[in-house]
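data_3.cif follows; it contains mmCIF, N, CA and C atoms.
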```cif
data_entry
#
loop_
_atom_site.label_atom_id
_atom_site.label_comp_id
_atom_site.auth_asym_id
_atom_site.auth_seq_id
_atom_site.Cartn_x
_atom_site.Cartn_y
_atom_site.Cartn_z
N LYS A 1 114.02 90.67 109.81
CA LYS A 1 112.73 90.20 110.27
C LYS A 1 111.84 91.34 110.73
N LEU A 2 112.45 92.37 111.32
CA LEU A 2 111.68 93.49 111.83
C LEU A 2 110.99 94.25 110.70
N LEU A 3 111.68 94.40 109.58
CA LEU A 3 111.07 95.08 108.43
C LEU A 3 109.87 94.29 107.92
N ARG A 4 110.01 92.99 107.83
CA ARG A 4 108.87 92.15 107.41
C ARG A 4 107.70 92.28 108.38
N LYS A 5 108.01 92.28 109.66
CA LYS A 5 106.96 92.38 110.68
C LYS A 5 106.22 93.70 110.57
N ARG A 6 106.96 94.78 110.38
CA ARG A 6 106.33 96.10 110.29
C ARG A 6 105.55 96.27 108.98
N SER A 7 105.98 95.61 107.93
CA SER A 7 105.33 95.74 106.62
C SER A 7 104.21 94.73 106.42
N LYS A 8 104.13 93.76 107.30
CA LYS A 8 103.20 92.64 107.10
C LYS A 8 101.74 93.04 106.95
N PRO A 9 101.19 93.96 107.77
CA PRO A 9 99.76 94.26 107.62
C PRO A 9 99.36 94.73 106.22
N CYS A 10 100.14 95.63 105.63
CA CYS A 10 99.75 96.13 104.31
C CYS A 10 100.01 95.08 103.23
N ILE A 11 101.04 94.28 103.37
CA ILE A 11 101.30 93.22 102.40
C ILE A 11 100.24 92.14 102.52
N ALA A 12 99.86 91.81 103.74
CA ALA A 12 98.81 90.81 103.95
C ALA A 12 97.48 91.29 103.38
N HIS A 13 97.18 92.58 103.53
CA HIS A 13 95.96 93.14 102.95
C HIS A 13 95.99 93.00 101.43
N LEU A 14 97.12 93.31 100.83
CA LEU A 14 97.26 93.18 99.38
C LEU A 14 97.13 91.73 98.94
N ALA A 15 97.74 90.81 99.66
CA ALA A 15 97.63 89.39 99.33
C ALA A 15 96.18 88.92 99.45
N LYS A 16 95.47 89.41 100.47
CA LYS A 16 94.07 89.06 100.64
C LYS A 16 93.24 89.56 99.47
N LEU A 17 93.49 90.79 99.02
CA LEU A 17 92.79 91.32 97.85
C LEU A 17 93.06 90.47 96.61
N ARG A 18 94.30 90.03 96.46
CA ARG A 18 94.66 89.21 95.31
C ARG A 18 93.93 87.87 95.34
N ARG A 19 93.85 87.25 96.53
CA ARG A 19 93.13 85.98 96.66
C ARG A 19 91.64 86.17 96.38
N LEU A 20 91.08 87.26 96.90
CA LEU A 20 89.67 87.55 96.68
C LEU A 20 89.38 87.78 95.19
N ALA A 21 90.28 88.46 94.52
CA ALA A 21 90.10 88.69 93.08
C ALA A 21 90.14 87.38 92.30
N VAL A 22 91.05 86.49 92.66
CA VAL A 22 91.14 85.19 92.00
C VAL A 22 89.86 84.39 92.25
N SER A 23 89.41 84.38 93.50
CA SER A 23 88.20 83.60 93.81
C SER A 23 86.95 84.21 93.17
N SER A 24 86.98 85.52 92.90
CA SER A 24 85.86 86.19 92.24
C SER A 24 86.00 86.18 90.72
N ASN A 25 87.10 85.59 90.26
CA ASN A 25 87.37 85.50 88.82
C ASN A 25 87.41 86.89 88.17
N CYS A 26 88.13 87.82 88.82
CA CYS A 26 88.31 89.15 88.26
C CYS A 26 89.71 89.64 88.60
N THR A 27 90.06 90.79 88.08
CA THR A 27 91.36 91.36 88.40
C THR A 27 91.26 92.16 89.69
N VAL A 28 92.40 92.45 90.28
CA VAL A 28 92.42 93.26 91.50
C VAL A 28 91.87 94.65 91.18
N THR A 29 92.20 95.17 90.01
CA THR A 29 91.70 96.49 89.61
C THR A 29 90.17 96.49 89.56
N ASP A 30 89.59 95.46 88.94
CA ASP A 30 88.13 95.36 88.87
C ASP A 30 87.52 95.24 90.27
N LEU A 31 88.16 94.45 91.11
CA LEU A 31 87.67 94.28 92.48
C LEU A 31 87.69 95.60 93.24
N LEU A 32 88.79 96.33 93.12
CA LEU A 32 88.90 97.61 93.81
C LEU A 32 87.89 98.62 93.28
N GLN A 33 87.68 98.62 91.98
CA GLN A 33 86.70 99.54 91.40
C GLN A 33 85.30 99.22 91.88
N SER A 34 84.98 97.93 91.98
CA SER A 34 83.64 97.57 92.44
C SER A 34 83.48 97.90 93.93
N GLN A 35 84.53 97.68 94.72
CA GLN A 35 84.46 98.03 96.14
C GLN A 35 84.35 99.54 96.31
N ASN A 36 85.06 100.28 95.49
CA ASN A 36 85.01 101.74 95.56
C ASN A 36 83.63 102.24 95.17
N ALA A 37 83.04 101.62 94.15
CA ALA A 37 81.69 102.02 93.73
C ALA A 37 80.67 101.73 94.84
N ASP A 38 80.87 100.61 95.55
CA ASP A 38 79.96 100.27 96.64
C ASP A 38 80.02 101.30 97.76
N HIS A 39 81.19 101.90 97.97
CA HIS A 39 81.36 102.84 99.08
C HIS A 39 81.18 104.29 98.67
N ASP A 40 81.01 104.57 97.37
CA ASP A 40 80.80 105.94 96.92
C ASP A 40 79.53 106.53 97.49
N ASP A 41 78.51 105.70 97.64
CA ASP A 41 77.22 106.18 98.13
C ASP A 41 77.11 106.13 99.65
N ASP A 42 78.15 105.69 100.31
CA ASP A 42 78.12 105.50 101.76
C ASP A 42 78.48 106.79 102.49
N ASP A 43 77.47 107.61 102.76
CA ASP A 43 77.69 108.88 103.45
C ASP A 43 77.70 108.72 104.95
N ASP A 44 77.31 107.55 105.46
CA ASP A 44 77.29 107.32 106.90
C ASP A 44 78.69 107.21 107.48
N HIS A 45 79.66 106.78 106.65
CA HIS A 45 81.04 106.59 107.11
C HIS A 45 82.00 107.36 106.21
N PRO A 46 82.02 108.66 106.33
CA PRO A 46 82.94 109.41 105.46
C PRO A 46 84.38 109.10 105.83
N GLU A 47 85.20 108.92 104.80
CA GLU A 47 86.61 108.61 105.00
C GLU A 47 87.45 109.81 104.62
N GLU A 48 88.59 109.91 105.22
CA GLU A 48 89.51 110.94 104.80
C GLU A 48 90.02 110.60 103.41
N GLU A 49 90.33 111.62 102.65
CA GLU A 49 90.76 111.43 101.27
C GLU A 49 91.99 110.52 101.16
N GLU A 50 92.97 110.72 102.03
CA GLU A 50 94.19 109.92 101.97
C GLU A 50 93.91 108.45 102.27
N GLU A 51 93.10 108.19 103.28
CA GLU A 51 92.75 106.81 103.62
C GLU A 51 92.03 106.14 102.46
N ARG A 52 91.15 106.87 101.84
CA ARG A 52 90.41 106.33 100.69
C ARG A 52 91.35 106.03 99.53
N ARG A 53 92.31 106.93 99.30
CA ARG A 53 93.27 106.74 98.22
C ARG A 53 94.09 105.46 98.46
N TRP A 54 94.50 105.23 99.73
CA TRP A 54 95.29 104.03 100.03
C TRP A 54 94.46 102.76 99.80
N LYS A 55 93.18 102.85 100.06
CA LYS A 55 92.33 101.68 99.84
C LYS A 55 92.21 101.32 98.37
N ILE A 56 92.24 102.31 97.50
CA ILE A 56 92.11 102.01 96.07
C ILE A 56 93.47 101.89 95.39
N GLN A 57 94.55 102.14 96.14
CA GLN A 57 95.91 101.98 95.62
C GLN A 57 96.75 101.14 96.60
N PRO A 58 96.36 99.88 96.80
CA PRO A 58 97.05 99.08 97.83
C PRO A 58 98.51 98.78 97.50
N HIS A 59 98.84 98.68 96.22
CA HIS A 59 100.23 98.41 95.85
C HIS A 59 101.12 99.60 96.24
N GLY A 60 100.64 100.80 95.93
CA GLY A 60 101.38 102.01 96.29
C GLY A 60 101.52 102.16 97.79
N HIS A 61 100.46 101.83 98.50
CA HIS A 61 100.51 101.90 99.97
C HIS A 61 101.54 100.92 100.52
N ALA A 62 101.55 99.70 99.98
CA ALA A 62 102.51 98.69 100.46
C ALA A 62 103.94 99.13 100.21
N ILE A 63 104.22 99.65 99.02
CA ILE A 63 105.58 100.12 98.71
C ILE A 63 105.97 101.27 99.63
N THR A 64 105.04 102.18 99.87
CA THR A 64 105.31 103.32 100.75
C THR A 64 105.63 102.86 102.17
N VAL A 65 104.87 101.90 102.66
CA VAL A 65 105.12 101.38 104.02
C VAL A 65 106.48 100.67 104.07
N ILE A 66 106.76 99.83 103.09
CA ILE A 66 108.04 99.10 103.07
C ILE A 66 109.21 100.06 103.09
N LEU A 67 109.19 101.03 102.19
CA LEU A 67 110.32 101.97 102.10
C LEU A 67 110.39 102.89 103.32
N GLY A 68 109.24 103.29 103.83
CA GLY A 68 109.23 104.14 105.03
C GLY A 68 109.77 103.41 106.25
N GLU A 69 109.35 102.16 106.42
CA GLU A 69 109.85 101.38 107.55
C GLU A 69 111.34 101.08 107.41
N ALA A 70 111.76 100.76 106.19
CA ALA A 70 113.18 100.50 105.96
C ALA A 70 114.00 101.75 106.30
N SER A 71 113.52 102.89 105.87
CA SER A 71 114.21 104.14 106.15
C SER A 71 114.28 104.42 107.65
N SER A 72 113.18 104.17 108.36
CA SER A 72 113.18 104.44 109.79
C SER A 72 114.09 103.48 110.56
N LEU A 73 114.33 102.30 110.01
CA LEU A 73 115.25 101.36 110.65
C LEU A 73 116.70 101.62 110.26
N ILE A 74 116.92 102.06 109.04
CA ILE A 74 118.28 102.29 108.55
C ILE A 74 118.87 103.58 109.10
N HIS A 75 118.07 104.62 109.23
CA HIS A 75 118.59 105.93 109.63
C HIS A 75 119.42 105.90 110.93
N PRO A 76 118.92 105.31 112.02
CA PRO A 76 119.75 105.31 113.23
C PRO A 76 121.04 104.51 113.06
N LEU A 77 120.99 103.46 112.24
CA LEU A 77 122.21 102.68 112.00
C LEU A 77 123.25 103.51 111.24
N VAL A 78 122.79 104.30 110.29
CA VAL A 78 123.71 105.18 109.55
C VAL A 78 124.32 106.20 110.50
N MET A 79 123.51 106.73 111.39
CA MET A 79 124.02 107.71 112.35
C MET A 79 125.08 107.09 113.27
N TRP A 80 124.82 105.90 113.74
CA TRP A 80 125.81 105.20 114.58
C TRP A 80 127.07 104.94 113.80
N ARG A 81 126.91 104.38 112.59
CA ARG A 81 128.09 104.05 111.77
C ARG A 81 128.91 105.30 111.51
N ASN A 82 128.25 106.39 111.12
CA ASN A 82 128.97 107.62 110.82
C ASN A 82 129.58 108.24 112.07
N GLY A 83 128.94 108.04 113.21
CA GLY A 83 129.47 108.57 114.46
C GLY A 83 130.69 107.82 114.96
N THR A 84 130.84 106.59 114.55
CA THR A 84 131.99 105.80 115.01
C THR A 84 133.11 105.74 113.99
N CYS A 85 132.88 106.21 112.77
CA CYS A 85 133.88 106.03 111.71
C CYS A 85 135.18 106.77 112.00
N HIS A 86 135.15 107.83 112.79
CA HIS A 86 136.37 108.58 113.09
C HIS A 86 137.24 107.87 114.13
N HIS A 87 136.65 106.92 114.85
CA HIS A 87 137.37 106.23 115.91
C HIS A 87 137.74 104.79 115.55
N VAL A 88 137.39 104.37 114.33
CA VAL A 88 137.56 102.98 113.93
C VAL A 88 139.02 102.54 113.98
N GLN A 89 139.93 103.40 113.58
CA GLN A 89 141.34 103.00 113.52
C GLN A 89 141.96 102.82 114.90
N HIS A 90 141.38 103.45 115.92
CA HIS A 90 141.98 103.43 117.25
C HIS A 90 141.19 102.62 118.27
N ASP A 91 139.99 102.20 117.91
CA ASP A 91 139.11 101.58 118.90
C ASP A 91 138.44 100.35 118.30
N LEU A 92 138.72 99.19 118.87
CA LEU A 92 138.16 97.94 118.37
C LEU A 92 136.64 97.90 118.54
N VAL A 93 136.12 98.45 119.62
CA VAL A 93 134.67 98.47 119.84
C VAL A 93 134.00 99.34 118.78
N ALA A 94 134.55 100.50 118.49
CA ALA A 94 133.99 101.39 117.46
C ALA A 94 134.02 100.69 116.10
N ALA A 95 135.09 99.98 115.82
CA ALA A 95 135.20 99.26 114.55
C ALA A 95 134.14 98.17 114.47
N SER A 96 133.91 97.46 115.57
CA SER A 96 132.90 96.41 115.60
C SER A 96 131.49 96.99 115.42
N ILE A 97 131.22 98.09 116.08
CA ILE A 97 129.91 98.74 115.95
C ILE A 97 129.71 99.21 114.51
N SER A 98 130.72 99.81 113.95
CA SER A 98 130.62 100.31 112.58
C SER A 98 130.36 99.17 111.59
N THR A 99 131.07 98.06 111.77
CA THR A 99 130.89 96.89 110.90
C THR A 99 129.49 96.29 111.08
N MET A 100 129.04 96.18 112.33
CA MET A 100 127.70 95.64 112.60
C MET A 100 126.64 96.52 111.96
N CYS A 101 126.80 97.84 112.08
CA CYS A 101 125.83 98.76 111.47
C CYS A 101 125.81 98.61 109.96
N GLN A 102 126.98 98.50 109.35
CA GLN A 102 127.04 98.37 107.89
C GLN A 102 126.36 97.08 107.43
N TYR A 103 126.61 95.97 108.10
CA TYR A 103 125.95 94.70 107.74
C TYR A 103 124.43 94.80 107.93
N SER A 104 124.02 95.44 109.00
CA SER A 104 122.58 95.59 109.25
C SER A 104 121.93 96.48 108.19
N ILE A 105 122.59 97.55 107.81
CA ILE A 105 122.08 98.44 106.77
C ILE A 105 121.93 97.67 105.46
N GLN A 106 122.94 96.91 105.11
CA GLN A 106 122.88 96.12 103.87
C GLN A 106 121.75 95.09 103.92
N GLY A 107 121.59 94.44 105.07
CA GLY A 107 120.53 93.45 105.21
C GLY A 107 119.14 94.08 105.08
N LEU A 108 118.94 95.22 105.72
CA LEU A 108 117.66 95.92 105.62
C LEU A 108 117.39 96.39 104.20
N ASP A 109 118.43 96.89 103.54
CA ASP A 109 118.28 97.35 102.16
C ASP A 109 117.89 96.19 101.24
N GLU A 110 118.56 95.05 101.41
CA GLU A 110 118.22 93.88 100.59
C GLU A 110 116.80 93.41 100.85
N GLU A 111 116.40 93.40 102.11
CA GLU A 111 115.04 92.96 102.45
C GLU A 111 114.00 93.92 101.87
N ALA A 112 114.26 95.22 101.96
CA ALA A 112 113.34 96.20 101.38
C ALA A 112 113.25 96.01 99.86
N GLN A 113 114.38 95.74 99.22
CA GLN A 113 114.37 95.50 97.78
C GLN A 113 113.57 94.25 97.43
N ASN A 114 113.75 93.19 98.20
CA ASN A 114 113.01 91.95 97.95
C ASN A 114 111.51 92.15 98.12
N LEU A 115 111.11 92.79 99.21
CA LEU A 115 109.69 93.04 99.44
C LEU A 115 109.12 93.97 98.37
N GLY A 116 109.87 95.01 98.04
CA GLY A 116 109.43 95.94 97.00
C GLY A 116 109.31 95.29 95.64
N THR A 117 110.24 94.40 95.33
CA THR A 117 110.18 93.68 94.06
C THR A 117 108.95 92.78 94.00
N THR A 118 108.65 92.13 95.11
CA THR A 118 107.46 91.27 95.16
C THR A 118 106.20 92.09 94.92
N VAL A 119 106.07 93.21 95.62
CA VAL A 119 104.88 94.05 95.44
C VAL A 119 104.84 94.61 94.02
N GLY A 120 105.99 94.98 93.47
CA GLY A 120 106.05 95.47 92.10
C GLY A 120 105.62 94.41 91.09
N THR A 121 106.04 93.18 91.32
CA THR A 121 105.62 92.08 90.45
C THR A 121 104.12 91.87 90.55
N TRP A 122 103.60 91.91 91.76
CA TRP A 122 102.15 91.77 91.95
C TRP A 122 101.41 92.88 91.21
N PHE A 123 101.94 94.11 91.29
CA PHE A 123 101.29 95.22 90.60
C PHE A 123 101.22 94.96 89.10
N MET A 124 102.32 94.51 88.52
CA MET A 124 102.31 94.24 87.07
C MET A 124 101.34 93.13 86.73
N GLU A 125 101.26 92.10 87.56
CA GLU A 125 100.31 91.01 87.33
C GLU A 125 98.87 91.47 87.50
N ASP A 126 98.63 92.31 88.51
CA ASP A 126 97.28 92.71 88.87
C ASP A 126 96.68 93.77 87.95
N ARG A 127 97.52 94.50 87.27
CA ARG A 127 96.97 95.55 86.40
C ARG A 127 96.52 95.00 85.06
N ASN A 128 96.88 93.77 84.77
CA ASN A 128 96.47 93.14 83.50
C ASN A 128 95.14 92.44 83.63
#
```
Is it possible to give me this structure as structure tokens?
Amino acid sequence: KLLRKRSKPCIAHLAKLRRLAVSSNCTVTDLLQSQNADHDDDDDHPEEEEERRWKIQPHGHAITVILGEASSLIHPLVMWRNGTCHHVQHDLVAASISTMCQYSIQGLDEEAQNLGTTVGTWFMEDRN
């Protein structure tokens, strides 16, 4: 659930763009190009290059956020699991922690794959 919560803003933004494209009877690519053209002449609000790139590449941004958040959640669990693996045979608590970490890592990995697959499917649909 935490991965979904952390990834929700960028996925919700992408879903909103998709709904707007459908209601405008155009593709997401066309919508983004028209929005980008509208802001090309806007010198009053200069944007940083990276921020602008994310706005015109929302699928890539969503995948980056999903994988980055998954990595930041999985890393400490891997460290705990690896730190307890030497004591697993002699310590029931260490074995329980190691098992809990492994299940959590697998759950986060599966969730990241599911979210990434959804965004990937949207990308294939939206580029046509």
Please identify all polymer residues within 7 Å of range 7-23 of chain A, counting all atoms listed in the file, omitting same-chain residues fewer than 2 positions from it, and present them as a list in words.
Leu2, Leu3, Arg4, Lys5, Asn25, Cys26, Thr27, Val28, Leu31, Pro58, His59, His61, Ala62, Val65, Ile66 and Glu69 of chain A
For atom C of Thr99 in chain A and atom C of Thr118 in chain A, quote the distance in Å rounded to one decimal.
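These atoms are spaced 28.7 Å apart.
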Run DSSP on the backbone of this structure and report the residues of chain A it assigns to alpha helix (DSSP H), as a PyMOL selection string.
chain A and resi 2-23+28-40+49-56+58-84+92-126
Straight-line distance linking CA of His87 in chain A with CA of Ser71 in chain A, stated in Å to one decimal:
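Computing the Euclidean distance for CA of His87 in chain A and CA of Ser71 in chain A yields 25.2 Å.
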Please list as a ChimeraX atom specification every residue within 8 Å of Arg81 in chain A, counting only N, CA and C atoms and excluding residues in the same chain fewer than 4 positions away.
/A:75-77,85-86,97-102
Would you mind reading off the distance between CA of Glu48 in chain A and CA of Trp122 in chain A, one decimal, in Å?
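Atom-to-atom, CA of Glu48 in chain A to CA of Trp122 in chain A, that is 26.3 Å.
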